[in-house]
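**Q** The structure file upload04.cif (mmCIF, C-alpha atoms) is provided below.
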data_final
#
loop_
_atom_site.label_atom_id
_atom_site.label_comp_id
_atom_site.auth_asym_id
_atom_site.auth_seq_id
_atom_site.Cartn_x
_atom_site.Cartn_y
_atom_site.Cartn_z
CA MET J 1 -21.50 -28.25 -45.94
CA ALA J 2 -19.11 -25.33 -46.32
CA ASP J 3 -16.43 -26.19 -48.84
CA LEU J 4 -13.70 -28.23 -47.19
CA LEU J 5 -10.92 -25.72 -47.88
CA SER J 6 -12.77 -22.98 -46.00
CA THR J 7 -13.32 -25.38 -43.11
CA VAL J 8 -9.63 -26.23 -43.07
CA LEU J 9 -8.57 -22.57 -43.13
CA VAL J 10 -10.90 -21.68 -40.25
CA THR J 11 -9.55 -24.65 -38.27
CA VAL J 12 -5.94 -23.63 -38.89
CA ALA J 13 -6.73 -20.07 -37.77
CA LEU J 14 -8.60 -21.10 -34.61
CA VAL J 15 -6.08 -23.71 -33.46
CA THR J 16 -3.20 -21.35 -34.17
CA VAL J 17 -4.85 -18.70 -31.99
CA VAL J 18 -5.39 -21.27 -29.22
CA GLY J 19 -1.68 -22.12 -29.57
CA TRP J 20 -0.82 -18.59 -28.46
CA THR J 21 -1.88 -19.52 -24.93
CA VAL J 22 -1.34 -23.30 -24.95
CA ASP J 23 2.41 -23.95 -25.17
CA TRP J 24 2.40 -27.46 -26.63
CA ILE J 25 0.24 -26.60 -29.66
CA GLY J 26 2.60 -26.32 -32.62
CA PRO J 27 2.24 -26.96 -36.36
CA GLN J 28 2.13 -30.75 -35.94
CA TRP J 29 -0.93 -30.36 -33.72
CA VAL J 30 -2.57 -27.96 -36.14
CA ALA J 31 -2.20 -30.75 -38.74
CA ILE J 32 -4.10 -33.12 -36.44
CA ALA J 33 -6.92 -30.61 -35.94
CA VAL J 34 -7.13 -30.15 -39.72
CA GLY J 35 -7.49 -33.92 -40.00
CA GLY J 36 -10.33 -33.75 -37.49
CA ALA J 37 -12.02 -31.07 -39.58
CA MET J 38 -12.21 -33.58 -42.40
CA ILE J 39 -13.93 -36.32 -40.40
CA PRO J 40 -17.54 -35.19 -41.03
CA ASP J 41 -16.82 -35.17 -44.76
CA LEU J 42 -16.28 -38.92 -44.57
CA GLY J 43 -20.06 -39.07 -44.90
CA ARG J 44 -19.40 -38.40 -48.58
CA LEU J 45 -18.02 -41.91 -48.83
CA SER J 46 -21.65 -42.70 -49.65
CA LEU J 47 -20.73 -41.54 -53.16
CA VAL J 48 -18.35 -44.50 -53.30
CA VAL J 49 -19.90 -47.00 -50.89
CA ASP J 50 -23.60 -47.24 -51.74
CA PRO J 51 -25.49 -47.38 -48.40
CA LEU J 52 -28.36 -49.19 -50.12
CA ALA J 53 -25.97 -51.92 -51.23
CA VAL J 54 -24.68 -52.23 -47.65
CA GLU J 55 -28.29 -52.38 -46.42
CA ALA J 56 -29.04 -55.16 -48.87
CA ALA J 57 -25.90 -57.05 -47.84
CA VAL J 58 -26.34 -56.86 -44.06
CA GLY J 59 -30.14 -56.79 -43.91
CA VAL J 60 -30.44 -53.74 -41.64
CA PRO J 61 -30.87 -50.02 -42.38
CA PHE J 62 -27.53 -48.30 -42.90
CA ASP J 63 -26.52 -44.71 -43.65
CA LEU J 64 -23.14 -42.99 -43.62
CA VAL J 65 -24.87 -39.71 -42.69
CA ALA J 66 -24.02 -40.82 -39.14
CA LEU J 67 -20.44 -39.73 -39.87
CA GLU J 68 -21.70 -36.14 -40.21
CA THR J 69 -22.96 -36.12 -36.61
CA LEU J 70 -21.36 -35.55 -33.22
CA GLY J 71 -21.54 -39.26 -32.42
CA GLY J 72 -19.84 -40.16 -35.68
CA LEU J 73 -17.15 -37.57 -35.06
CA LEU J 74 -16.34 -38.96 -31.59
CA VAL J 75 -16.16 -42.58 -32.76
CA VAL J 76 -14.08 -41.84 -35.87
CA ALA J 77 -11.76 -39.59 -33.83
CA ALA J 78 -11.23 -42.46 -31.38
CA LEU J 79 -10.70 -44.86 -34.28
CA ILE J 80 -7.94 -42.63 -35.65
CA THR J 81 -6.42 -41.93 -32.22
CA VAL J 82 -5.62 -45.58 -31.45
CA TRP J 83 -3.06 -45.66 -34.29
CA PHE J 84 -0.92 -43.00 -32.61
CA GLU J 85 1.55 -43.52 -29.76
CA ARG J 86 -0.23 -44.19 -26.49
CA GLU J 87 1.16 -41.13 -24.66
CA LEU J 88 -0.27 -38.82 -27.36
CA TRP J 89 -3.83 -40.15 -27.30
CA GLN J 90 -5.34 -37.40 -25.19
CA ARG J 91 -3.97 -34.59 -27.35
CA ILE J 92 -4.71 -36.39 -30.63
CA PHE J 93 -8.30 -37.20 -29.70
CA GLY J 94 -8.92 -33.70 -28.31
CA LEU J 95 -7.63 -31.93 -31.41
CA LEU J 96 -9.42 -34.28 -33.81
CA VAL J 97 -12.66 -33.49 -31.99
CA VAL J 98 -11.93 -29.75 -31.99
CA GLY J 99 -11.35 -29.84 -35.76
CA GLY J 100 -14.52 -31.87 -36.29
CA LEU J 101 -16.52 -29.46 -34.15
CA VAL J 102 -15.29 -26.54 -36.27
CA HIS J 103 -16.62 -28.40 -39.30
CA LEU J 104 -19.98 -29.24 -37.72
CA GLY J 105 -20.27 -25.73 -36.26
CA LEU J 106 -19.62 -24.05 -39.63
CA ASP J 107 -22.12 -26.37 -41.25
CA ALA J 108 -24.78 -25.36 -38.77
CA LEU J 109 -24.38 -21.71 -39.89
CA ARG J 110 -25.24 -22.23 -43.55
CA VAL J 111 -28.57 -21.63 -45.26
CA PHE J 112 -31.29 -24.20 -44.61
CA VAL J 113 -34.61 -23.94 -46.39
CA ASP J 114 -36.62 -24.21 -43.15
CA GLY J 115 -34.11 -22.25 -41.04
CA HIS J 116 -32.98 -25.25 -38.99
CA SER J 117 -29.73 -27.17 -39.36
CA THR J 118 -29.49 -30.96 -39.50
CA ASP J 119 -29.78 -32.96 -36.28
CA TRP J 120 -25.99 -33.13 -36.08
CA LEU J 121 -26.10 -33.64 -32.32
CA PHE J 122 -27.25 -37.24 -32.92
CA PRO J 123 -27.22 -39.55 -30.97
CA PHE J 124 -26.95 -37.28 -27.91
CA LEU J 125 -29.91 -35.04 -28.82
CA PRO J 126 -31.71 -37.00 -31.55
CA GLY J 127 -34.18 -34.98 -33.58
CA VAL J 128 -32.94 -31.63 -32.24
CA ARG J 129 -32.24 -29.30 -35.18
CA PRO J 130 -30.77 -26.04 -33.88
CA PRO J 131 -31.88 -22.86 -35.66
CA SER J 132 -29.42 -21.61 -38.27
CA PRO J 133 -28.48 -17.98 -38.92
CA ASN J 134 -28.56 -18.88 -42.65
CA LEU J 135 -25.24 -17.14 -43.34
CA PHE J 136 -24.07 -18.77 -46.59
CA VAL J 137 -24.59 -21.52 -49.13
CA SER J 138 -21.80 -24.03 -49.44
CA SER J 139 -20.94 -23.21 -53.06
CA ASP J 140 -20.49 -19.47 -52.42
CA PRO J 141 -16.84 -18.56 -53.20
CA ARG J 142 -17.05 -15.57 -50.83
CA VAL J 143 -16.88 -18.03 -47.91
CA LEU J 144 -13.45 -19.13 -49.08
CA VAL J 145 -12.31 -15.52 -49.51
CA VAL J 146 -13.33 -14.60 -45.95
CA ALA J 147 -11.79 -17.80 -44.51
CA GLY J 148 -8.59 -17.28 -46.53
CA VAL J 149 -8.12 -13.65 -45.52
CA GLY J 150 -8.86 -14.47 -41.86
CA CYS J 151 -6.43 -17.39 -41.84
CA ALA J 152 -3.70 -15.36 -43.57
CA MET J 153 -4.05 -12.60 -40.98
CA VAL J 154 -3.78 -15.05 -38.09
CA LEU J 155 -0.73 -16.77 -39.61
CA ALA J 156 0.90 -13.38 -40.20
CA VAL J 157 0.35 -12.35 -36.59
CA ASP J 158 1.57 -15.79 -35.45
CA ARG J 159 4.80 -15.50 -37.41
CA TRP J 160 5.70 -11.86 -37.10
CA VAL J 161 4.17 -10.82 -33.77
CA VAL J 162 3.71 -13.86 -31.53
CA ALA J 163 6.90 -15.66 -32.59
CA GLY J 164 8.73 -12.32 -32.62
CA ASP J 165 10.05 -13.01 -36.13
CA VAL J 166 9.35 -9.43 -37.20
CA TRP J 167 12.27 -9.25 -39.59
CA GLY J 168 11.78 -12.70 -41.09
CA SER J 169 15.03 -13.97 -39.60
CA MET I 1 0.66 -50.58 -26.92
CA LYS I 2 0.84 -54.05 -28.36
CA ARG I 3 -0.21 -54.41 -31.97
CA PHE I 4 -2.94 -56.95 -31.15
CA ARG I 5 -4.54 -54.72 -28.52
CA ARG I 6 -4.49 -51.78 -30.92
CA VAL I 7 -6.19 -53.80 -33.65
CA ALA I 8 -8.73 -55.19 -31.18
CA LEU I 9 -9.58 -51.69 -29.97
CA ALA I 10 -9.95 -50.47 -33.55
CA ALA I 11 -12.25 -53.41 -34.30
CA VAL I 12 -14.47 -52.53 -31.34
CA LEU I 13 -14.62 -48.89 -32.47
CA LEU I 14 -15.38 -49.96 -36.03
CA ALA I 15 -18.26 -52.06 -34.72
CA ALA I 16 -19.50 -49.06 -32.74
CA LEU I 17 -19.33 -46.94 -35.89
CA PHE I 18 -21.30 -49.54 -37.82
CA GLY I 19 -23.89 -49.58 -35.03
CA LEU I 20 -24.15 -45.81 -35.17
CA CYS I 21 -24.73 -45.91 -38.94
CA VAL I 22 -27.46 -48.51 -38.42
CA ALA I 23 -29.09 -46.55 -35.57
CA GLU I 24 -29.00 -43.35 -37.63
CA ALA I 25 -30.71 -45.00 -40.60
CA ALA I 26 -33.23 -46.91 -38.48
CA THR I 27 -34.42 -43.80 -36.64
CA ALA I 28 -34.10 -41.21 -39.44
CA ALA I 29 -37.82 -41.12 -40.25
CA ASP I 30 -38.80 -40.79 -36.58
CA ARG I 31 -36.34 -37.97 -35.93
CA SER I 32 -37.30 -35.88 -38.94
CA PRO I 33 -40.38 -33.62 -38.93
CA TYR I 34 -40.62 -34.22 -42.68
CA PRO I 35 -40.97 -37.30 -44.89
CA THR I 36 -37.60 -38.73 -45.83
CA GLY I 37 -36.12 -38.57 -49.31
CA GLU I 38 -36.66 -42.32 -49.54
CA GLN I 39 -40.40 -41.95 -48.86
CA ILE I 40 -40.74 -39.16 -51.43
CA VAL I 41 -38.92 -41.12 -54.12
CA THR I 42 -40.16 -44.65 -53.50
CA ASP I 43 -43.63 -44.17 -51.97
CA TYR I 44 -44.85 -40.72 -52.99
CA GLU I 45 -48.58 -41.40 -52.57
CA SER I 46 -48.11 -42.16 -48.87
CA VAL I 47 -46.73 -38.68 -48.17
CA VAL I 48 -49.13 -36.55 -50.27
CA GLY I 49 -50.50 -33.69 -48.16
CA GLU I 50 -47.46 -33.56 -45.89
CA ARG I 51 -45.07 -30.65 -45.56
CA ALA I 52 -41.67 -31.68 -46.89
CA ILE I 53 -38.25 -30.55 -47.97
CA VAL I 54 -37.50 -31.69 -51.50
CA GLY I 55 -33.94 -31.39 -52.74
CA GLY I 56 -32.91 -31.97 -56.31
CA THR I 57 -31.47 -30.81 -59.59
CA VAL I 58 -33.57 -28.52 -61.78
CA THR I 59 -34.42 -30.38 -64.98
CA ALA I 60 -37.05 -28.07 -66.46
CA THR I 61 -37.59 -24.34 -66.07
CA GLY I 62 -40.59 -22.06 -66.63
CA SER I 63 -43.55 -21.16 -64.45
CA THR I 64 -43.69 -24.71 -63.02
CA PRO I 65 -40.12 -25.98 -62.98
CA SER I 66 -39.24 -29.61 -62.27
CA LEU I 67 -36.68 -31.20 -59.99
CA ARG I 68 -35.05 -34.57 -60.18
CA THR I 69 -34.76 -35.92 -56.66
CA THR I 70 -33.00 -39.20 -55.97
CA HIS I 71 -32.61 -41.94 -53.40
CA GLY I 72 -29.84 -44.31 -54.43
CA PRO I 73 -30.53 -45.42 -57.99
CA ALA I 74 -34.23 -44.47 -57.75
CA ALA I 75 -35.34 -41.01 -58.92
CA GLU I 76 -38.54 -39.00 -59.05
CA ILE I 77 -39.43 -35.87 -60.99
CA ILE I 78 -41.22 -33.35 -58.76
CA HIS I 79 -42.95 -30.27 -60.20
CA VAL I 80 -42.62 -27.07 -58.18
CA ARG I 81 -45.63 -24.74 -57.97
CA GLY I 82 -45.63 -21.19 -56.65
CA VAL I 83 -42.06 -20.39 -57.69
CA ASP I 84 -41.30 -16.68 -57.27
CA GLN I 85 -37.78 -16.70 -58.73
CA GLU I 86 -35.97 -17.81 -61.85
CA LEU I 87 -34.49 -21.31 -61.53
CA ARG I 88 -31.74 -22.37 -63.91
CA ARG I 89 -31.50 -25.83 -65.38
CA GLY I 90 -28.74 -27.80 -63.65
CA SER I 91 -28.89 -25.83 -60.41
CA ILE I 92 -29.41 -27.69 -57.14
CA VAL I 93 -32.26 -26.41 -54.99
CA HIS I 94 -34.09 -27.24 -51.77
CA VAL I 95 -37.83 -26.59 -51.69
CA LEU I 96 -39.93 -26.40 -48.54
CA GLY I 97 -43.62 -26.92 -49.22
CA ARG I 98 -46.64 -29.19 -49.16
CA LEU I 99 -46.65 -32.28 -51.35
CA GLU I 100 -49.59 -32.41 -53.74
CA PRO I 101 -51.02 -35.21 -55.90
CA GLY I 102 -49.32 -35.59 -59.27
CA GLN I 103 -45.74 -35.37 -57.95
CA ALA I 104 -45.89 -31.64 -57.21
CA VAL I 105 -44.85 -29.47 -54.30
CA ALA I 106 -46.49 -26.13 -53.46
CA ALA I 107 -43.40 -24.10 -52.61
CA GLU I 108 -43.30 -21.96 -49.47
CA ARG I 109 -39.60 -21.25 -49.71
CA ILE I 110 -36.81 -22.17 -52.12
CA VAL I 111 -33.06 -22.09 -51.50
CA ILE I 112 -30.61 -22.35 -54.37
CA VAL I 113 -27.82 -24.50 -52.93
CA SER I 114 -25.71 -24.57 -56.11
CA PRO I 115 -26.61 -22.07 -58.84
CA SER I 116 -25.04 -24.18 -61.58
CA ALA I 117 -23.11 -27.35 -62.28
CA GLY I 118 -20.01 -25.13 -62.28
CA ALA I 119 -20.63 -24.17 -58.66
CA GLU I 120 -20.63 -27.86 -57.69
CA THR I 121 -17.39 -28.38 -59.62
CA TYR I 122 -15.86 -25.43 -57.75
CA LYS I 123 -16.87 -26.98 -54.42
CA TRP I 124 -15.31 -30.32 -55.29
CA ALA I 125 -12.15 -28.71 -56.67
CA VAL I 126 -11.43 -26.63 -53.56
CA SER I 127 -12.26 -29.61 -51.36
CA GLY I 128 -9.68 -31.64 -53.29
CA LEU I 129 -7.19 -28.86 -52.70
CA ALA I 130 -7.96 -29.05 -48.97
CA VAL I 131 -7.28 -32.80 -48.88
CA ALA I 132 -3.97 -32.31 -50.73
CA GLY I 133 -2.98 -29.53 -48.32
CA PHE I 134 -3.83 -31.69 -45.32
CA LEU I 135 -1.78 -34.64 -46.61
CA PHE I 136 1.20 -32.34 -47.20
CA LEU I 137 0.89 -30.79 -43.72
CA PHE I 138 0.33 -34.14 -42.00
CA PHE I 139 3.25 -36.01 -43.53
CA ARG I 140 5.53 -33.06 -42.96
CA TYR I 141 5.14 -33.48 -39.21
CA TRP I 142 4.09 -37.13 -38.79
CA ARG I 143 5.28 -40.47 -40.13
CA VAL I 144 3.84 -43.95 -40.22
CA ASP I 145 5.96 -46.68 -38.62
CA LEU I 146 4.76 -49.80 -40.38
CA ARG I 147 6.78 -52.13 -38.14
CA ALA I 148 5.30 -50.77 -34.93
CA PHE I 149 1.89 -50.23 -36.57
CA THR I 150 1.76 -46.69 -35.27
CA VAL I 151 1.91 -43.02 -36.28
CA GLU I 152 4.73 -40.98 -34.76
CA VAL I 153 5.68 -37.34 -34.68
CA ARG I 154 8.76 -36.69 -36.87
CA ASP I 155 10.41 -34.08 -34.68
CA ARG I 156 10.06 -34.47 -30.94
CA GLY I 157 11.92 -31.24 -30.27
#
Please express what this file holds, its structure, as structure tokens.
**A**
Amino acid sequence: MADLLSTVLVTVALVTVVGWTVDWIGPQWVAIAVGGAMIPDLGRLSLVVDPLAVEAAVGVPFDLVALETLGGLLVVAALITVWFERELWQRIFGLLVVGGLVHLGLDALRVFVDGHSTDWLFPFLPGVRPPSPNLFVSSDPRVLVVAGVGCAMVLAVDRWVVAGDVWGS
Amino acid sequence: MKRFRRVALAAVLLAALFGLCVAEAATAADRSPYPTGEQIVTDYESVVGERAIVGGTVTATGSTPSLRTTHGPAAEIIHVRGVDQELRRGSIVHVLGRLEPGQAVAAERIVIVSPSAGAETYKWAVSGLAVAGFLFLFFRYWRVDLRAFTVEVRDRG
């Protein structure tokens, strides 16, 4: 995976840009999309909850890698959405999924030893591993620099050009 | 929405998530073109001769470096043959190659995922920063109403 901070910065930048044409997208909605960008990282709960221990307890195979897939993203996004006010569900779910897709999409761009990403489209396209452009490894700090500069530029344009706050008033 | 209905819906979704985790694990070997990490670690002899991706931490360097690859608490040391680059102890690498007898892989391609333990620490540190930033951003605009069992936007304006 790309480091989570880079993923968050790219999500903030993309959703902010979308907000330039979609009126209702403000900072509170950017926060929701950022939350969505974190959903696939919940697979790392396997560092805390041992899947083998769960397997032994329930007697069936079990792996939290499912949380790093499109199916996992949709179910977790729905699971989070139900705790919000009913009239906000559509927007909450949509932005959680958008954030999660940014995460999964960035992941699919990193370096894989055989040139193919994980089968993150599970369970919709099981076994399909799209080719990767092999752009970066997740521990490369240059990814964060690029994401940070890009996000800063978007936020600057958002504040001083789009919002018309040129003089910082 | 009534509290009970919300909890019931969450329970159904939680069950669906559990089912997805089970389905993922149950079909992992069938979906992958390579032996799974579990097969490599717990039943190496059954996958000798197959092309595989072996991921692990470099434990020994030299002309035939070694990797420690794990599956849960179980671990296996795999020797890497045909290495055309310097591997540093403690780095995390992925090796694509054919598995040979004697816990060895004939490398076709190697990717250094983390060049050192420091690189892994960096990744975790910035990820922690991201979580902190998210929590700050989220609770600036949203609040949890414990009585209504719901999350609300702070400013409806």
**Q** Applying the PyMOL selection byres ((chain I) within 7 of (chain J)) to the file I just gave you, which residues come out? Please list them as a ChimeraX atom specification.
**A** /I:1,6,10,13,17,20-22,24-26,31-32,72,94-96,109-111,113-114,119-120,123,126-127,129-130,134,137-138,141,150-152
**Q** What do you get, as a count of residues only, if you spell out every residue that the PyMOL selection byres ((chain I and resi 45) around 12) selects here?
**A** 18
**Q** Expressed in Å to a single decimal, how great is the separation between CA of Gly36 in chain J and CA of Leu135 in chain J?
**A**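 The value is 23.1 Å.
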**Q** To box range 41-49 of chain I, take all atoms listed in the file, fit an axis-aligned box, add 8 Å on each side, and give centre and edge lengths in Å to one decimal, as AutoDock Vina command-line options.
**A**
--center_x -44.7 --center_y -39.2 --center_z -51.1 --size_x 27.6 --size_y 27.0 --size_z 22.0
**Q** Would you work out the distance separating CA of Arg51 in chain I from CA of Gly97 in chain I, expressed in Å to one decimal?
**A**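 Value for the CA of Arg51 in chain I-CA of Gly97 in chain I distance: 5.4 Å.
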**Q** Provide the CA of Trp24 in chain J to CA of Trp142 in chain I distance in Å, to one decimal place.
**A** 15.6 Å
**Q** I'd like to see the residues matched by the PyMOL selection byres ((chain I and resi 60) around 9) on this file, and ideally I'd get them as a PDB file with C-alpha atoms, in the coordinates of the input.
**A**
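Listing of selection31.pdb after writing:
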ATOM      1  CA  VAL I  58     -33.570 -28.520 -61.780  1.00  0.00           C
ATOM      2  CA  THR I  59     -34.420 -30.380 -64.980  1.00  0.00           C
ATOM      3  CA  THR I  61     -37.590 -24.340 -66.070  1.00  0.00           C
ATOM      4  CA  GLY I  62     -40.590 -22.060 -66.630  1.00  0.00           C
ATOM      5  CA  THR I  64     -43.690 -24.710 -63.020  1.00  0.00           C
ATOM      6  CA  PRO I  65     -40.120 -25.980 -62.980  1.00  0.00           C
ATOM      7  CA  SER I  66     -39.240 -29.610 -62.270  1.00  0.00           C
ATOM      8  CA  LEU I  67     -36.680 -31.200 -59.990  1.00  0.00           C
ATOM      9  CA  HIS I  79     -42.950 -30.270 -60.200  1.00  0.00           C
ATOM     10  CA  LEU I  87     -34.490 -21.310 -61.530  1.00  0.00           C
ATOM     11  CA  ARG I  88     -31.740 -22.370 -63.910  1.00  0.00           C
ATOM     12  CA  ARG I  89     -31.500 -25.830 -65.380  1.00  0.00           C
ATOM     13  CA  GLY I  90     -28.740 -27.800 -63.650  1.00  0.00           C
TER      14      GLY I  90
END
**Q** Write out as a list in words the residues lying within 12 Å of Thr70 in chain I, counting only C-alpha atoms and excluding same-chain residues fewer than 4 positions away.
**A**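 Contacts, with the query itself left out: Thr36, Gly37, Glu38, Gln39, Ile40, Val41, Thr42, Val54, Gly55, Gly56, Thr57, Ala74, Ala75, Glu76, Ile77 and Ile78 of chain I.
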**Q** Output range 5-31 of chain J with N, CA and C atoms present, as a CSV table (one decimal), in the frame of the given file.
**A**
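result.csv written:
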chain,number,residue,atom,x,y,z
J,5,LEU,N,-12.1,-26.6,-48.0
J,5,LEU,CA,-10.9,-25.7,-47.9
J,5,LEU,C,-11.2,-24.6,-46.9
J,6,SER,N,-12.4,-24.0,-47.0
J,6,SER,CA,-12.8,-23.0,-46.0
J,6,SER,C,-12.8,-23.5,-44.6
J,7,THR,N,-13.3,-24.7,-44.4
J,7,THR,CA,-13.3,-25.4,-43.1
J,7,THR,C,-11.9,-25.6,-42.6
J,8,VAL,N,-11.0,-26.0,-43.5
J,8,VAL,CA,-9.6,-26.2,-43.1
J,8,VAL,C,-9.0,-24.9,-42.7
J,9,LEU,N,-9.2,-23.9,-43.4
J,9,LEU,CA,-8.6,-22.6,-43.1
J,9,LEU,C,-9.1,-22.0,-41.8
J,10,VAL,N,-10.4,-22.2,-41.5
J,10,VAL,CA,-10.9,-21.7,-40.2
J,10,VAL,C,-10.3,-22.5,-39.1
J,11,THR,N,-10.1,-23.8,-39.3
J,11,THR,CA,-9.6,-24.6,-38.3
J,11,THR,C,-8.1,-24.2,-38.0
J,12,VAL,N,-7.3,-24.0,-39.1
J,12,VAL,CA,-5.9,-23.6,-38.9
J,12,VAL,C,-5.9,-22.3,-38.1
J,13,ALA,N,-6.7,-21.4,-38.5
J,13,ALA,CA,-6.7,-20.1,-37.8
J,13,ALA,C,-7.1,-20.2,-36.3
J,14,LEU,N,-8.2,-21.0,-36.0
J,14,LEU,CA,-8.6,-21.1,-34.6
J,14,LEU,C,-7.6,-21.8,-33.7
J,15,VAL,N,-7.0,-22.9,-34.3
J,15,VAL,CA,-6.1,-23.7,-33.5
J,15,VAL,C,-4.8,-22.9,-33.3
J,16,THR,N,-4.4,-22.2,-34.3
J,16,THR,CA,-3.2,-21.4,-34.2
J,16,THR,C,-3.4,-20.3,-33.1
J,17,VAL,N,-4.6,-19.7,-33.0
J,17,VAL,CA,-4.8,-18.7,-32.0
J,17,VAL,C,-4.8,-19.4,-30.6
J,18,VAL,N,-5.4,-20.6,-30.5
J,18,VAL,CA,-5.4,-21.3,-29.2
J,18,VAL,C,-3.9,-21.6,-28.8
J,19,GLY,N,-3.1,-21.8,-29.8
J,19,GLY,CA,-1.7,-22.1,-29.6
J,19,GLY,C,-0.9,-20.9,-29.0
J,20,TRP,N,-1.5,-19.7,-29.1
J,20,TRP,CA,-0.8,-18.6,-28.5
J,20,TRP,C,-0.8,-18.7,-26.9
J,21,THR,N,-1.8,-19.4,-26.4
J,21,THR,CA,-1.9,-19.5,-24.9
J,21,THR,C,-1.6,-20.9,-24.4
J,22,VAL,N,-1.6,-21.9,-25.3
J,22,VAL,CA,-1.3,-23.3,-25.0
J,22,VAL,C,0.0,-23.7,-25.6
J,23,ASP,N,1.0,-23.8,-24.7
J,23,ASP,CA,2.4,-24.0,-25.2
J,23,ASP,C,2.6,-25.1,-26.1
J,24,TRP,N,2.1,-26.3,-25.8
J,24,TRP,CA,2.4,-27.5,-26.6
J,24,TRP,C,1.8,-27.5,-28.0
J,25,ILE,N,0.9,-26.6,-28.3
J,25,ILE,CA,0.2,-26.6,-29.7
J,25,ILE,C,1.2,-25.9,-30.7
J,26,GLY,N,1.7,-26.8,-31.5
J,26,GLY,CA,2.6,-26.3,-32.6
J,26,GLY,C,2.0,-26.8,-33.9
J,27,PRO,N,2.8,-26.6,-35.0
J,27,PRO,CA,2.2,-27.0,-36.4
J,27,PRO,C,1.8,-28.4,-36.5
J,28,GLN,N,2.5,-29.3,-35.8
J,28,GLN,CA,2.1,-30.8,-35.9
J,28,GLN,C,0.7,-31.0,-35.3
J,29,TRP,N,0.4,-30.2,-34.3
J,29,TRP,CA,-0.9,-30.4,-33.7
J,29,TRP,C,-2.0,-29.7,-34.5
J,30,VAL,N,-1.6,-28.6,-35.2
J,30,VAL,CA,-2.6,-28.0,-36.1
J,30,VAL,C,-2.9,-29.0,-37.2
J,31,ALA,N,-1.9,-29.7,-37.7
J,31,ALA,CA,-2.2,-30.8,-38.7
J,31,ALA,C,-3.2,-31.8,-38.3
